[in-house]
Structures are given as structure tokens and as C-alpha cells.
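Asker: Supplied in C-alpha cells, the structure appears directly below.
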Amino acid sequence: MSATIPTALLDTIYEGSSHRYRCEMEDEDSAVIVAAAITDVRGWLDDDESGVTINSRANVSLLGANGGSVVTETIAGVPRAVFYWYLTSADAAIVSSADVSSEDHRLTLKFTYTRSGGGSGLLTHRARYPVVALERHP
């Protein structure tokens with residue numbers, strides 16, 4: 001069974017800056033997922049308009065690799081899985097060939113996990129955020 005978490009809009013990021021993305025894990029029934037249940041995390045990062053992949057971030061393994069980590073945090077007294085992706089300055093590149101003041105980047109994450117009742121589940125999470133271009137000099 002799979003579910004899609006609603007798309008999140010993130011704060012503005014400036015071109016060439018590093019940033020951190022964070023999200024908490026719940027399944028399609030709003031049941032908490034614990035970190036030990038996460039068996040795979042895959043990530044994609046692309047330009048929202050053109051679909052151009054940014055910094056070769058297409059189907060990248062993020063479970064303890066490539067800047068990704070899943071940890072257990074207690075939130076409102078309940079332990080749950082929290083995912084962090086530390087994105088580098090190359091992940092905040094403007095990829096448009098046009099002279100733009102900003103462009104929207106799209107982050108897609110796919111989490112595979114072991115369901116509490118057995119079997120595996122798949123969650124898809126999407127986020128979109130503007131990347132503001134730095135001043136261009138001829």
C-alpha cells in the first residue's frame with residue numbers, strides 16, 4: 001500500500017546556499033512510523049517548471065547516505081521517525097538558461113517502511129520551494 005503526503009511549500013532558499021529539509025513520518029492512516037521501520041529512502045530534486053534534474057539528484061539513496069538521515073525524535077510524548085536531508089550549495093543551483101530572478105525547485109522523497117501490522121508500505125512526499133538567483137554580472 002502507498003500514500004502521498006501533501007506537497008509542502010518551504011521557505012525561500014538563496015542560490016548557492018546549503019539548507020536542511022526535515023519531515024516527520026506517518027502512514028496513510030496517520031499512524032506514527034518509527035525510525036527502525038524505515039528500510040529505504042530515495043530522493044529526487046528537480047526544477048519544477050522544466051523537470052531538469054539538479055545536481056544529479058535522481059533516485060539517490062538517502063538512508064544514511066548522501067546527506068540523508070532518519071532519526072527517532074519524541075514529539076508530543078510520542079517517538080517517531082524524522083527524516084533530515086542536508087542539501088549542499090550545489091543543490092540550490094539555478095538551472096534555467098534564462099535570466100530569472102528565481103525558480104521553483106521540487107523535492108520528491110519515497111520512503112519504504114515495514115508496517116506495524118506486517119508487510120511493507122511506501123510513502124511519497126513532495127515539497128516545493130523558491131530558489132532566489134544571486135545578482136548576475138555580465
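Within each chain, counting starts at residue 1; across the C-alpha cells, chains are named A, B, ... in the order shown, with ligands numbered 1 upward in that order.
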Residues within 12 Å of A:Leu122, please, as a PyMOL selection string. Count only C-alpha atoms; anything in the same chain fewer than 2 positions from it doesn't count.
Answerer: chain A and resi 1-5+25-28+33+37-42+109-115+119-120+124-125
Asker: Write a file of the just-selected residues containing N, CA and C atoms, as a short mmCIF file (atom, residue, chain, number, x, y, z; two decimals), in the first residue's frame.
Answerer:
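This went into again.cif:
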data_model
loop_
_atom_site.label_atom_id
_atom_site.label_comp_id
_atom_site.auth_asym_id
_atom_site.auth_seq_id
_atom_site.Cartn_x
_atom_site.Cartn_y
_atom_site.Cartn_z
N MET A 1 0.84 -1.16 0.00
CA MET A 1 0.00 0.00 0.00
C MET A 1 0.89 1.24 0.00
N SER A 2 0.48 2.29 -0.71
CA SER A 2 1.28 3.51 -0.72
C SER A 2 0.39 4.72 -0.48
N ALA A 3 1.02 5.79 -0.07
CA ALA A 3 0.30 7.02 0.21
C ALA A 3 1.18 8.19 -0.21
N THR A 4 0.54 9.30 -0.50
CA THR A 4 1.27 10.52 -0.81
C THR A 4 0.96 11.55 0.25
N ILE A 5 2.01 12.06 0.85
CA ILE A 5 1.88 13.14 1.82
C ILE A 5 1.65 14.42 1.02
N MET A 25 7.39 11.29 9.97
CA MET A 25 6.79 10.14 9.30
C MET A 25 5.47 9.69 9.94
N GLU A 26 4.44 9.61 9.11
CA GLU A 26 3.17 8.98 9.47
C GLU A 26 2.70 8.21 8.25
N ASP A 27 2.01 7.10 8.45
CA ASP A 27 1.50 6.37 7.30
C ASP A 27 0.16 6.96 6.84
N GLU A 28 -0.45 6.34 5.85
CA GLU A 28 -1.69 6.86 5.26
C GLU A 28 -2.86 6.88 6.24
N ILE A 33 5.21 6.24 12.31
CA ILE A 33 6.23 5.30 11.84
C ILE A 33 7.49 5.57 12.65
N ALA A 37 11.66 1.23 11.40
CA ALA A 37 10.79 0.65 10.37
C ALA A 37 11.15 1.12 8.97
N ILE A 38 11.92 2.19 8.84
CA ILE A 38 12.28 2.72 7.52
C ILE A 38 13.37 1.83 6.92
N THR A 39 13.09 1.26 5.74
CA THR A 39 14.04 0.35 5.11
C THR A 39 14.73 0.95 3.89
N ASP A 40 14.17 2.03 3.32
CA ASP A 40 14.80 2.68 2.17
C ASP A 40 14.24 4.08 2.03
N VAL A 41 15.10 5.00 1.62
CA VAL A 41 14.68 6.37 1.30
C VAL A 41 15.36 6.74 -0.01
N ARG A 42 14.56 7.21 -0.96
CA ARG A 42 15.06 7.65 -2.26
C ARG A 42 14.65 9.09 -2.48
N LEU A 109 10.50 12.63 -2.26
CA LEU A 109 11.08 11.59 -1.42
C LEU A 109 10.16 10.38 -1.43
N LYS A 110 10.74 9.20 -1.50
CA LYS A 110 9.97 7.95 -1.41
C LYS A 110 10.56 7.14 -0.26
N PHE A 111 9.71 6.86 0.73
CA PHE A 111 10.10 6.11 1.91
C PHE A 111 9.47 4.72 1.85
N THR A 112 10.28 3.69 1.96
CA THR A 112 9.79 2.32 2.09
C THR A 112 9.95 1.95 3.56
N TYR A 113 8.92 1.35 4.12
CA TYR A 113 8.95 1.04 5.55
C TYR A 113 8.20 -0.26 5.82
N THR A 114 8.48 -0.86 6.98
CA THR A 114 7.76 -2.05 7.43
C THR A 114 6.57 -1.59 8.26
N ARG A 115 5.40 -2.01 7.83
CA ARG A 115 4.17 -1.61 8.51
C ARG A 115 4.07 -2.32 9.87
N GLY A 119 4.14 -6.52 6.49
CA GLY A 119 4.17 -6.08 5.10
C GLY A 119 4.89 -4.75 4.97
N SER A 120 5.05 -4.32 3.73
CA SER A 120 5.76 -3.07 3.52
C SER A 120 4.82 -1.98 3.02
N THR A 124 5.15 8.64 -0.40
CA THR A 124 5.76 9.62 -1.29
C THR A 124 5.52 11.00 -0.68
N HIS A 125 6.58 11.79 -0.60
CA HIS A 125 6.50 13.13 -0.03
C HIS A 125 7.07 14.11 -1.03
#
Asker: Counting only C-alpha atoms, which of A:Leu87, A:Ala58, A:Ala92, A:Ala98 gets nearest to A:Ile13?
Answerer: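 Under the stated criterion, the closest residue is A:Ala92.
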Asker: Can you list, as a VMD selection string, every protein, DNA or RNA residue that comes within 10 Å of A:Asp11 when you count only C-alpha atoms, leaving out same-chain residues fewer than 4 positions away?
Answerer: chain A and resid 128 to 131
Asker: Residues within 12 Å of A:Pro79, please, as a ChimeraX atom specification. Count only C-alpha atoms; anything in the same chain fewer than 2 positions from it doesn't count.
Answerer: /A:24-26,31-36,71-77,81-82
Asker: Name the residues of stretch 34-84 of chain A that come out as strand (DSSP E) in a backbone DSSP run; write them as an mmCIF file with N, CA and C atoms, in the first residue's frame.
Answerer:
data_model
loop_
_atom_site.group_PDB
_atom_site.id
_atom_site.type_symbol
_atom_site.label_atom_id
_atom_site.label_comp_id
_atom_site.auth_asym_id
_atom_site.auth_seq_id
_atom_site.Cartn_x
_atom_site.Cartn_y
_atom_site.Cartn_z
ATOM 1 N N ILE A 38 11.918 2.189 8.839
ATOM 2 C CA ILE A 38 12.283 2.717 7.522
ATOM 3 C C ILE A 38 13.366 1.831 6.922
ATOM 4 N N THR A 39 13.092 1.258 5.741
ATOM 5 C CA THR A 39 14.039 0.350 5.111
ATOM 6 C C THR A 39 14.732 0.955 3.890
ATOM 7 N N ASP A 40 14.172 2.027 3.321
ATOM 8 C CA ASP A 40 14.797 2.676 2.169
ATOM 9 C C ASP A 40 14.238 4.084 2.033
ATOM 10 N N VAL A 41 15.103 5.002 1.615
ATOM 11 C CA VAL A 41 14.683 6.368 1.305
ATOM 12 C C VAL A 41 15.356 6.743 -0.008
ATOM 13 N N ARG A 42 14.558 7.213 -0.960
ATOM 14 C CA ARG A 42 15.061 7.651 -2.259
ATOM 15 C C ARG A 42 14.653 9.095 -2.480
ATOM 16 N N GLY A 43 15.528 9.875 -3.125
ATOM 17 C CA GLY A 43 15.230 11.287 -3.335
ATOM 18 C C GLY A 43 15.486 11.756 -4.749
ATOM 19 N N TRP A 44 14.695 12.740 -5.159
ATOM 20 C CA TRP A 44 14.818 13.408 -6.445
ATOM 21 C C TRP A 44 14.746 14.908 -6.192
ATOM 22 N N LEU A 45 15.529 15.671 -6.933
ATOM 23 C CA LEU A 45 15.492 17.122 -6.847
ATOM 24 C C LEU A 45 15.538 17.668 -8.260
ATOM 25 N N ASP A 46 14.504 18.449 -8.612
ATOM 26 C CA ASP A 46 14.478 18.986 -9.967
ATOM 27 C C ASP A 46 13.807 20.359 -10.022
ATOM 28 N N ASP A 47 13.991 21.010 -11.168
ATOM 29 C CA ASP A 47 13.342 22.282 -11.427
ATOM 30 C C ASP A 47 11.867 21.999 -11.671
ATOM 31 N N VAL A 60 18.323 9.012 -5.723
ATOM 32 C CA VAL A 60 19.503 8.947 -4.867
ATOM 33 C C VAL A 60 19.139 8.257 -3.556
ATOM 34 N N SER A 61 19.963 7.321 -3.124
ATOM 35 C CA SER A 61 19.765 6.671 -1.833
ATOM 36 C C SER A 61 20.054 7.678 -0.724
ATOM 37 N N GLY A 68 21.362 12.318 3.783
ATOM 38 C CA GLY A 68 20.073 11.947 4.374
ATOM 39 C C GLY A 68 20.246 11.154 5.658
ATOM 40 N N SER A 69 19.312 11.325 6.574
ATOM 41 C CA SER A 69 19.324 10.520 7.794
ATOM 42 C C SER A 69 17.915 10.413 8.355
ATOM 43 N N VAL A 70 17.648 9.286 8.977
ATOM 44 C CA VAL A 70 16.384 9.064 9.675
ATOM 45 C C VAL A 70 16.723 8.837 11.138
ATOM 46 N N VAL A 71 16.088 9.612 12.007
ATOM 47 C CA VAL A 71 16.340 9.510 13.439
ATOM 48 C C VAL A 71 15.006 9.386 14.167
ATOM 49 N N THR A 72 15.067 8.974 15.407
ATOM 50 C CA THR A 72 13.869 8.949 16.243
ATOM 51 C C THR A 72 13.876 10.203 17.100
ATOM 52 N N GLU A 73 12.762 10.929 17.065
ATOM 53 C CA GLU A 73 12.575 12.093 17.926
ATOM 54 C C GLU A 73 11.248 11.913 18.648
ATOM 55 N N THR A 74 11.204 12.342 19.897
ATOM 56 C CA THR A 74 9.959 12.280 20.653
ATOM 57 C C THR A 74 9.248 13.616 20.493
ATOM 58 N N ILE A 75 8.059 13.555 19.906
ATOM 59 C CA ILE A 75 7.266 14.750 19.630
ATOM 60 C C ILE A 75 5.923 14.572 20.319
ATOM 61 N N VAL A 78 5.481 11.211 21.870
ATOM 62 C CA VAL A 78 5.413 10.023 21.014
ATOM 63 C C VAL A 78 6.685 9.919 20.176
ATOM 64 N N PRO A 79 7.426 8.789 20.297
ATOM 65 C CA PRO A 79 8.601 8.616 19.446
ATOM 66 C C PRO A 79 8.172 8.393 17.994
ATOM 67 N N ARG A 80 8.848 9.058 17.069
ATOM 68 C CA ARG A 80 8.517 8.889 15.650
ATOM 69 C C ARG A 80 9.750 9.095 14.792
ATOM 70 N N ALA A 81 9.681 8.595 13.570
ATOM 71 C CA ALA A 81 10.771 8.780 12.622
ATOM 72 C C ALA A 81 10.726 10.201 12.078
ATOM 73 N N VAL A 82 11.906 10.817 12.039
ATOM 74 C CA VAL A 82 12.056 12.136 11.442
ATOM 75 C C VAL A 82 13.191 12.037 10.428
ATOM 76 N N PHE A 83 12.917 12.523 9.229
ATOM 77 C CA PHE A 83 13.904 12.479 8.151
ATOM 78 C C PHE A 83 14.537 13.844 7.976
ATOM 79 N N TYR A 84 15.867 13.861 7.832
ATOM 80 C CA TYR A 84 16.612 15.073 7.524
ATOM 81 C C TYR A 84 17.398 14.858 6.243
#
Asker: Taking only C-alpha atoms into account, name the residue in A:Trp85, A:Arg106, A:Arg22, A:Asn66 that is nearest to A:Ile54.
Answerer: A:Arg106
